[in-house]
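Engineer: You'll find structure_8.pdb just under this line, and it carries PDB, C-alpha atoms and all ligand atoms.
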```
ATOM      1  CA  MET A  20      59.057  93.696 135.031  1.00  0.00           C
ATOM      2  CA  LYS A  21      59.671  90.491 136.964  1.00  0.00           C
ATOM      3  CA  HIS A  22      59.294  92.238 140.334  1.00  0.00           C
ATOM      4  CA  LEU A  23      55.701  93.129 139.325  1.00  0.00           C
ATOM      5  CA  ILE A  24      54.625  89.506 138.851  1.00  0.00           C
ATOM      6  CA  PRO A  25      53.212  89.132 142.400  1.00  0.00           C
ATOM      7  CA  GLU A  26      50.909  92.100 141.611  1.00  0.00           C
ATOM      8  CA  PHE A  27      49.989  90.595 138.250  1.00  0.00           C
ATOM      9  CA  GLU A  28      49.161  87.312 139.965  1.00  0.00           C
ATOM     10  CA  LYS A  29      46.673  89.155 142.194  1.00  0.00           C
ATOM     11  CA  MET A  30      45.109  90.792 139.130  1.00  0.00           C
ATOM     12  CA  LYS A  31      44.890  87.388 137.451  1.00  0.00           C
ATOM     13  CA  GLU A  32      42.694  86.084 140.264  1.00  0.00           C
ATOM     14  CA  ARG A  33      39.966  88.502 139.143  1.00  0.00           C
ATOM     15  CA  TYR A  34      39.678  86.933 135.688  1.00  0.00           C
ATOM     16  CA  PRO A  35      38.423  83.501 134.663  1.00  0.00           C
ATOM     17  CA  ALA A  36      41.025  81.083 133.302  1.00  0.00           C
ATOM     18  CA  GLY A  37      41.605  81.579 129.600  1.00  0.00           C
ATOM     19  CA  PHE A  38      41.133  85.366 129.733  1.00  0.00           C
ATOM     20  CA  GLU A  39      44.836  86.219 130.043  1.00  0.00           C
ATOM     21  CA  SER A  40      44.563  88.642 127.125  1.00  0.00           C
ATOM     22  CA  SER A  41      42.321  90.837 129.311  1.00  0.00           C
ATOM     23  CA  LEU A  42      45.359  91.433 131.517  1.00  0.00           C
ATOM     24  CA  VAL A  43      47.450  93.002 128.761  1.00  0.00           C
ATOM     25  CA  LEU A  44      46.198  96.555 129.322  1.00  0.00           C
ATOM     26  CA  PRO A  45      46.312  96.621 133.149  1.00  0.00           C
ATOM     27  CA  CYS A  46      49.763  95.001 133.133  1.00  0.00           C
ATOM     28  CA  LEU A  47      51.085  97.529 130.595  1.00  0.00           C
ATOM     29  CA  ARG A  48      49.715 100.403 132.668  1.00  0.00           C
ATOM     30  CA  ARG A  49      51.428  99.050 135.777  1.00  0.00           C
ATOM     31  CA  ILE A  50      54.703  98.542 133.912  1.00  0.00           C
ATOM     32  CA  GLN A  51      54.574 102.128 132.656  1.00  0.00           C
ATOM     33  CA  GLU A  52      53.784 103.416 136.120  1.00  0.00           C
ATOM     34  CA  ASP A  53      56.854 101.571 137.374  1.00  0.00           C
ATOM     35  CA  ARG A  54      59.391 102.356 134.608  1.00  0.00           C
ATOM     36  CA  GLY A  55      57.885 105.469 133.059  1.00  0.00           C
ATOM     37  CA  TYR A  56      57.415 103.748 129.699  1.00  0.00           C
ATOM     38  CA  VAL A  57      57.158 100.249 128.216  1.00  0.00           C
ATOM     39  CA  ALA A  58      60.529  98.894 127.056  1.00  0.00           C
ATOM     40  CA  ASP A  59      61.153  96.096 124.547  1.00  0.00           C
ATOM     41  CA  GLU A  60      62.198  93.806 127.378  1.00  0.00           C
ATOM     42  CA  ASP A  61      58.870  94.466 129.135  1.00  0.00           C
ATOM     43  CA  ILE A  62      56.950  93.386 126.043  1.00  0.00           C
ATOM     44  CA  ALA A  63      58.972  90.183 125.775  1.00  0.00           C
ATOM     45  CA  ALA A  64      58.500  89.433 129.484  1.00  0.00           C
ATOM     46  CA  LEU A  65      54.756  90.123 129.336  1.00  0.00           C
ATOM     47  CA  VAL A  66      54.314  87.906 126.266  1.00  0.00           C
ATOM     48  CA  GLU A  67      56.086  85.111 128.088  1.00  0.00           C
ATOM     49  CA  TYR A  68      54.198  85.657 131.354  1.00  0.00           C
ATOM     50  CA  LEU A  69      50.698  85.877 129.861  1.00  0.00           C
ATOM     51  CA  GLY A  70      51.262  83.463 126.999  1.00  0.00           C
ATOM     52  CA  VAL A  71      49.634  85.835 124.511  1.00  0.00           C
ATOM     53  CA  PRO A  72      50.906  86.659 121.013  1.00  0.00           C
ATOM     54  CA  ARG A  73      53.334  89.598 120.832  1.00  0.00           C
ATOM     55  CA  ALA A  74      51.039  91.193 118.232  1.00  0.00           C
ATOM     56  CA  GLN A  75      48.311  91.446 120.856  1.00  0.00           C
ATOM     57  CA  VAL A  76      50.562  93.417 123.193  1.00  0.00           C
ATOM     58  CA  GLU A  77      51.760  95.615 120.294  1.00  0.00           C
ATOM     59  CA  GLU A  78      48.136  96.307 119.283  1.00  0.00           C
ATOM     60  CA  VAL A  79      47.260  97.570 122.756  1.00  0.00           C
ATOM     61  CA  LEU A  80      50.438  99.672 122.870  1.00  0.00           C
ATOM     62  CA  SER A  81      49.755 101.313 119.527  1.00  0.00           C
ATOM     63  CA  TYR A  82      46.056 101.941 120.207  1.00  0.00           C
ATOM     64  CA  TYR A  83      46.254 103.748 123.551  1.00  0.00           C
ATOM     65  CA  THR A  84      48.088 107.071 123.409  1.00  0.00           C
ATOM     66  CA  MET A  85      48.483 106.947 127.184  1.00  0.00           C
ATOM     67  CA  LEU A  86      50.984 104.101 126.763  1.00  0.00           C
ATOM     68  CA  ARG A  87      54.524 105.143 125.854  1.00  0.00           C
ATOM     69  CA  ARG A  88      57.370 103.240 124.209  1.00  0.00           C
ATOM     70  CA  LYS A  89      60.144 105.612 125.200  1.00  0.00           C
ATOM     71  CA  PRO A  90      61.052 107.774 128.181  1.00  0.00           C
ATOM     72  CA  ILE A  91      59.499 111.221 128.433  1.00  0.00           C
ATOM     73  CA  GLY A  92      59.969 114.307 130.568  1.00  0.00           C
ATOM     74  CA  ARG A  93      58.919 114.487 134.195  1.00  0.00           C
ATOM     75  CA  TRP A  94      55.871 116.436 133.081  1.00  0.00           C
ATOM     76  CA  HIS A  95      53.693 115.145 130.258  1.00  0.00           C
ATOM     77  CA  LEU A  96      51.480 117.835 128.809  1.00  0.00           C
ATOM     78  CA  GLN A  97      48.797 116.510 126.483  1.00  0.00           C
ATOM     79  CA  ALA A  98      46.487 118.773 124.524  1.00  0.00           C
ATOM     80  CA  CYS A  99      43.302 117.528 122.918  1.00  0.00           C
ATOM     81  CA  ARG A 100      43.206 118.352 119.218  1.00  0.00           C
ATOM     82  CA  ASN A 101      39.720 117.004 118.530  1.00  0.00           C
ATOM     83  CA  ILE A 102      36.708 118.927 117.239  1.00  0.00           C
ATOM     84  CA  ALA A 103      35.400 120.728 120.340  1.00  0.00           C
ATOM     85  CA  CYS A 104      38.890 121.770 121.436  1.00  0.00           C
ATOM     86  CA  SER A 105      39.724 122.791 117.892  1.00  0.00           C
ATOM     87  CA  MET A 106      36.609 124.981 117.697  1.00  0.00           C
ATOM     88  CA  ARG A 107      37.587 126.554 121.023  1.00  0.00           C
ATOM     89  CA  GLY A 108      41.090 127.471 119.905  1.00  0.00           C
ATOM     90  CA  VAL A 109      43.491 124.673 120.763  1.00  0.00           C
ATOM     91  CA  GLU A 110      45.570 125.475 117.660  1.00  0.00           C
ATOM     92  CA  SER A 111      46.225 128.989 119.017  1.00  0.00           C
ATOM     93  CA  LEU A 112      47.176 127.471 122.323  1.00  0.00           C
ATOM     94  CA  VAL A 113      49.631 125.139 120.581  1.00  0.00           C
ATOM     95  CA  SER A 114      51.182 128.095 118.715  1.00  0.00           C
ATOM     96  CA  HIS A 115      51.398 130.028 121.970  1.00  0.00           C
ATOM     97  CA  LEU A 116      53.182 127.123 123.664  1.00  0.00           C
ATOM     98  CA  GLU A 117      55.740 127.009 120.871  1.00  0.00           C
ATOM     99  CA  LYS A 118      56.317 130.781 120.682  1.00  0.00           C
ATOM    100  CA  LYS A 119      56.398 131.587 124.388  1.00  0.00           C
ATOM    101  CA  HIS A 120      57.705 128.371 125.935  1.00  0.00           C
ATOM    102  CA  GLY A 121      59.519 126.599 123.082  1.00  0.00           C
ATOM    103  CA  ILE A 122      57.309 123.554 123.553  1.00  0.00           C
ATOM    104  CA  ARG A 123      56.377 121.726 120.353  1.00  0.00           C
ATOM    105  CA  PRO A 124      54.066 118.736 119.790  1.00  0.00           C
ATOM    106  CA  GLY A 125      55.874 115.403 119.865  1.00  0.00           C
ATOM    107  CA  GLU A 126      58.943 116.862 121.545  1.00  0.00           C
ATOM    108  CA  THR A 127      60.529 117.162 124.959  1.00  0.00           C
ATOM    109  CA  THR A 128      61.966 120.499 126.072  1.00  0.00           C
ATOM    110  CA  ALA A 129      65.747 120.895 125.941  1.00  0.00           C
ATOM    111  CA  ASP A 130      65.967 120.623 129.732  1.00  0.00           C
ATOM    112  CA  GLY A 131      64.130 117.276 129.540  1.00  0.00           C
ATOM    113  CA  ARG A 132      61.356 118.417 131.884  1.00  0.00           C
ATOM    114  CA  VAL A 133      58.259 118.723 129.684  1.00  0.00           C
ATOM    115  CA  THR A 134      57.049 116.434 126.919  1.00  0.00           C
ATOM    116  CA  PHE A 135      54.183 117.744 124.826  1.00  0.00           C
ATOM    117  CA  SER A 136      51.745 115.558 122.901  1.00  0.00           C
ATOM    118  CA  LEU A 137      48.620 116.179 120.879  1.00  0.00           C
ATOM    119  CA  VAL A 138      45.946 113.574 121.564  1.00  0.00           C
ATOM    120  CA  GLU A 139      42.411 112.760 120.535  1.00  0.00           C
ATOM    121  CA  CYS A 140      39.323 113.612 122.589  1.00  0.00           C
ATOM    122  CA  LEU A 141      39.993 113.640 126.333  1.00  0.00           C
ATOM    123  CA  GLY A 142      36.281 113.246 127.038  1.00  0.00           C
ATOM    124  CA  SER A 143      35.698 116.703 128.460  1.00  0.00           C
ATOM    125  CA  CYS A 144      34.414 118.481 125.340  1.00  0.00           C
ATOM    126  CA  GLY A 145      32.087 120.764 127.343  1.00  0.00           C
ATOM    127  CA  THR A 146      35.107 122.429 128.964  1.00  0.00           C
ATOM    128  CA  ALA A 147      37.259 122.747 125.849  1.00  0.00           C
ATOM    129  CA  PRO A 148      40.041 123.416 125.255  1.00  0.00           C
ATOM    130  CA  VAL A 149      41.361 120.763 127.576  1.00  0.00           C
ATOM    131  CA  VAL A 150      44.877 119.660 128.470  1.00  0.00           C
ATOM    132  CA  MET A 151      46.211 116.989 130.785  1.00  0.00           C
ATOM    133  CA  LEU A 152      49.326 117.478 132.848  1.00  0.00           C
ATOM    134  CA  ASN A 153      50.409 114.009 133.920  1.00  0.00           C
ATOM    135  CA  GLU A 154      47.169 112.583 135.361  1.00  0.00           C
ATOM    136  CA  ALA A 155      45.338 115.880 136.020  1.00  0.00           C
ATOM    137  CA  TYR A 156      42.829 117.596 133.736  1.00  0.00           C
ATOM    138  CA  HIS A 157      42.938 121.354 133.147  1.00  0.00           C
ATOM    139  CA  GLU A 158      39.910 122.777 131.400  1.00  0.00           C
ATOM    140  CA  ASN A 159      38.780 125.951 129.631  1.00  0.00           C
ATOM    141  CA  MET A 160      42.424 126.710 128.925  1.00  0.00           C
ATOM    142  CA  SER A 161      43.575 130.166 127.858  1.00  0.00           C
ATOM    143  CA  PHE A 162      47.008 131.619 127.167  1.00  0.00           C
ATOM    144  CA  GLU A 163      47.049 132.947 130.734  1.00  0.00           C
ATOM    145  CA  SER A 164      46.006 129.680 132.388  1.00  0.00           C
ATOM    146  CA  ILE A 165      48.495 127.590 130.391  1.00  0.00           C
ATOM    147  CA  ASP A 166      51.241 130.082 131.300  1.00  0.00           C
ATOM    148  CA  ARG A 167      50.322 129.779 134.986  1.00  0.00           C
ATOM    149  CA  LEU A 168      50.277 125.994 134.711  1.00  0.00           C
ATOM    150  CA  LEU A 169      53.752 125.840 133.172  1.00  0.00           C
ATOM    151  CA  GLU A 170      55.214 128.451 135.496  1.00  0.00           C
ATOM    152  CA  GLY A 171      54.031 126.399 138.483  1.00  0.00           C
ATOM    153  CA  LEU A 172      56.023 123.311 137.479  1.00  0.00           C
ATOM    154  CA  LYS A 173      58.883 122.377 139.787  1.00  0.00           C
TER     155      LYS A 173
HETATM  156  S1  LIG A 201      37.201 117.413 121.806  1.00  0.00           S
HETATM  157 FE1  LIG A 201      38.624 117.999 123.308  1.00  0.00          FE
HETATM  158  S2  LIG A 201      37.937 116.966 125.076  1.00  0.00           S
HETATM  159 FE2  LIG A 201      36.608 116.278 123.531  1.00  0.00          FE
END
```
Let me see the file written as structure tokens.
Ligand code: FES
Structural biologist:
Amino acid sequence: MKHLIPEFEKMKERYPAGFESSLVLPCLRRIQEDRGYVADEDIAALVEYLGVPRAQVEEVLSYYTMLRRKPIGRWHLQACRNIACSMRGVESLVSHLEKKHGIRPGETTADGRVTFSLVECLGSCGTAPVVMLNEAYHENMSFESIDRLLEGLK
């Protein structure tokens, strides 16, 4: 994480003194972007750098599902399991993923390429069911469109 400190210093300039805790989330996002996840050593380094309690960093990490504590596959598929997506058949989609592609919630495929997670509302309820593949949204998903999405992965 130490090589990111010059970037963190630039971020710090945007906040008034005494608001270091506001930097926890943007710093964690940058760390994850760099490493792929947030390691124990990153938490320790961030606590020391920002001078915030470790519990504050842990709270942010446990609240946001977008932040990860361990490595995942190259592709992160996230399916919304909330009410609108549930009413529009996300459970069938999840079953389809398991039966046809061997992809199960909370797991990474045997080849290490795809990690699948169920998450809460992705904020696109009008186009349910919705999945995210890495940073991109895919809406109105069907068995056919999820098959195409997975078959297009390199
Ligand atoms: S309920 Fe699925 S995006 Fe909101």
Engineer: As number ranges by chain, please: the residues near Glu170 in chain A (cut-off 12 Å, only C-alpha atoms, same-chain neighbours under 3 positions excluded).
Structural biologist: A: 119-120, 133, 163-167, 173
Engineer: May I ask which of the residues A:Lys118, A:Ser105, A:Leu168, A:Gly125 is the closest one to ligand LIG 201 (chain A), counting all atoms listed in the file?
Structural biologist: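 Looking only at the distances to ligand LIG 201 (chain A), the closest residue turns out to be A:Ser105.
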Engineer: Quick one: which residues end up in the PyMOL selection byres (((not hetatm)) within 6 of (chain A and resi 201)) for this structure, as an MDAnalysis selection string?
Structural biologist: chainID A and resid 99 101:104 140:144 147:149
Engineer: Where does the PyMOL selection byres (((chain A and resi 37-44) around 8) and not hetatm) land in this file, that is, which residues does it pick, as a PDB file with C-alpha atoms, in the frame of the given file?
Structural biologist:
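Output file selection.pdb is given in full below:
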```
ATOM      1  CA  MET A  30      45.109  90.792 139.130  1.00  0.00           C
ATOM      2  CA  LYS A  31      44.890  87.388 137.451  1.00  0.00           C
ATOM      3  CA  TYR A  34      39.678  86.933 135.688  1.00  0.00           C
ATOM      4  CA  PRO A  35      38.423  83.501 134.663  1.00  0.00           C
ATOM      5  CA  ALA A  36      41.025  81.083 133.302  1.00  0.00           C
ATOM      6  CA  PRO A  45      46.312  96.621 133.149  1.00  0.00           C
ATOM      7  CA  CYS A  46      49.763  95.001 133.133  1.00  0.00           C
ATOM      8  CA  LEU A  47      51.085  97.529 130.595  1.00  0.00           C
ATOM      9  CA  ARG A  48      49.715 100.403 132.668  1.00  0.00           C
ATOM     10  CA  LEU A  65      54.756  90.123 129.336  1.00  0.00           C
ATOM     11  CA  LEU A  69      50.698  85.877 129.861  1.00  0.00           C
ATOM     12  CA  GLY A  70      51.262  83.463 126.999  1.00  0.00           C
ATOM     13  CA  VAL A  71      49.634  85.835 124.511  1.00  0.00           C
ATOM     14  CA  GLN A  75      48.311  91.446 120.856  1.00  0.00           C
ATOM     15  CA  VAL A  76      50.562  93.417 123.193  1.00  0.00           C
ATOM     16  CA  VAL A  79      47.260  97.570 122.756  1.00  0.00           C
TER      17      VAL A  79
END
```
Engineer: When distances are computed from all atoms listed in the file, which of A:Pro124, A:Val138, A:Met20, A:Leu169 shows the smallest separation from Val66 in chain A?
Structural biologist: A:Met20
Engineer: Measure the distance from CA of Leu96 in chain A to CA of Val150 in chain A in Å and round it to one decimal.
Structural biologist: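 CA of Val150 in chain A lies at a distance of 6.9 Å from CA of Leu96 in chain A.
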Engineer: Can you turn the PyMOL selection byres (((chain A and resi 131) around 10) and not hetatm) into a concrete residue list for this file, as a PyMOL selection string?
Structural biologist: chain A and resi 91-94+126-130+132-134
Engineer: Where's the centre, and what are the edge lengths in Å to one decimal, of a box along x, y and z enclosing all listed atoms of range 108-115 of chain A padded 5 Å per side, as JSON?
Structural biologist:
```
{"center_x": 46.2, "center_y": 127.4, "center_z": 120.0, "size_x": 20.3, "size_y": 15.4, "size_z": 14.7}
```
Engineer: Closest to Glu78 in chain A among A:Glu110, A:Phe162, A:Ile62, A:Ile122, using all atoms listed in the file?
Structural biologist: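 Smallest separation from Glu78 in chain A among the options: A:Ile62.
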Engineer: Expressed in Å to a single decimal, how great is the separation between CA of Leu112 in chain A and CA of Pro90 in chain A?
Structural biologist: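 Taking CA of Leu112 in chain A as the start and CA of Pro90 in chain A as the end point, the length is 24.8 Å.
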Engineer: Point out the residue among A:Glu139, A:Glu28, A:Glu158, A:Asp53 with the least atom-to-atom distance to Met85 in chain A, counting all atoms listed in the file.
Structural biologist: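 Among A:Glu139, A:Glu28, A:Glu158, A:Asp53, it is A:Glu139 that comes nearest to Met85 in chain A.
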Engineer: Just checking: using all atoms listed in the file, which residue out of A:Asn153, A:Thr84, A:Ser136, A:Ser111 ends up closest to Arg123 in chain A?
Structural biologist: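 When distances to Arg123 in chain A are compared using all atoms listed in the file, the smallest one comes from A:Ser136.
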Engineer: Where atoms are missing, can you supply N, CA and C atoms for range 63-81 of chain A and output the lot as a CSV table (one decimal), in the frame of the given file?
Structural biologist:
```csv
chain,number,residue,atom,x,y,z
A,63,ALA,N,58.6,91.6,125.9
A,63,ALA,CA,59.0,90.2,125.8
A,63,ALA,C,58.6,89.4,127.1
A,64,ALA,N,58.8,90.1,128.2
A,64,ALA,CA,58.5,89.4,129.5
A,64,ALA,C,57.0,89.2,129.6
A,65,LEU,N,56.2,90.2,129.2
A,65,LEU,CA,54.8,90.1,129.3
A,65,LEU,C,54.2,89.0,128.4
A,66,VAL,N,54.7,89.0,127.2
A,66,VAL,CA,54.3,87.9,126.3
A,66,VAL,C,54.6,86.5,126.9
A,67,GLU,N,55.7,86.4,127.5
A,67,GLU,CA,56.1,85.1,128.1
A,67,GLU,C,55.2,84.8,129.3
A,68,TYR,N,55.0,85.8,130.1
A,68,TYR,CA,54.2,85.7,131.4
A,68,TYR,C,52.7,85.3,131.1
A,69,LEU,N,52.1,86.1,130.1
A,69,LEU,CA,50.7,85.9,129.9
A,69,LEU,C,50.4,84.8,128.8
A,70,GLY,N,51.5,84.5,128.0
A,70,GLY,CA,51.3,83.5,127.0
A,70,GLY,C,50.4,84.0,125.9
A,71,VAL,N,50.4,85.3,125.6
A,71,VAL,CA,49.6,85.8,124.5
A,71,VAL,C,50.6,86.2,123.4
A,72,PRO,N,50.0,86.3,122.1
A,72,PRO,CA,50.9,86.7,121.0
A,72,PRO,C,51.5,88.1,121.2
A,73,ARG,N,52.7,88.3,120.7
A,73,ARG,CA,53.3,89.6,120.8
A,73,ARG,C,52.5,90.7,120.1
A,74,ALA,N,51.9,90.2,119.0
A,74,ALA,CA,51.0,91.2,118.2
A,74,ALA,C,49.9,91.8,119.1
A,75,GLN,N,49.4,91.0,120.0
A,75,GLN,CA,48.3,91.4,120.9
A,75,GLN,C,48.8,92.6,121.8
A,76,VAL,N,50.0,92.4,122.3
A,76,VAL,CA,50.6,93.4,123.2
A,76,VAL,C,50.9,94.7,122.4
A,77,GLU,N,51.4,94.5,121.2
A,77,GLU,CA,51.8,95.6,120.3
A,77,GLU,C,50.5,96.4,119.9
A,78,GLU,N,49.4,95.6,119.7
A,78,GLU,CA,48.1,96.3,119.3
A,78,GLU,C,47.7,97.2,120.4
A,79,VAL,N,47.7,96.8,121.6
A,79,VAL,CA,47.3,97.6,122.8
A,79,VAL,C,48.2,98.8,122.9
A,80,LEU,N,49.5,98.6,122.8
A,80,LEU,CA,50.4,99.7,122.9
A,80,LEU,C,50.2,100.7,121.8
A,81,SER,N,49.9,100.3,120.6
A,81,SER,CA,49.8,101.3,119.5
A,81,SER,C,48.4,102.0,119.5
```
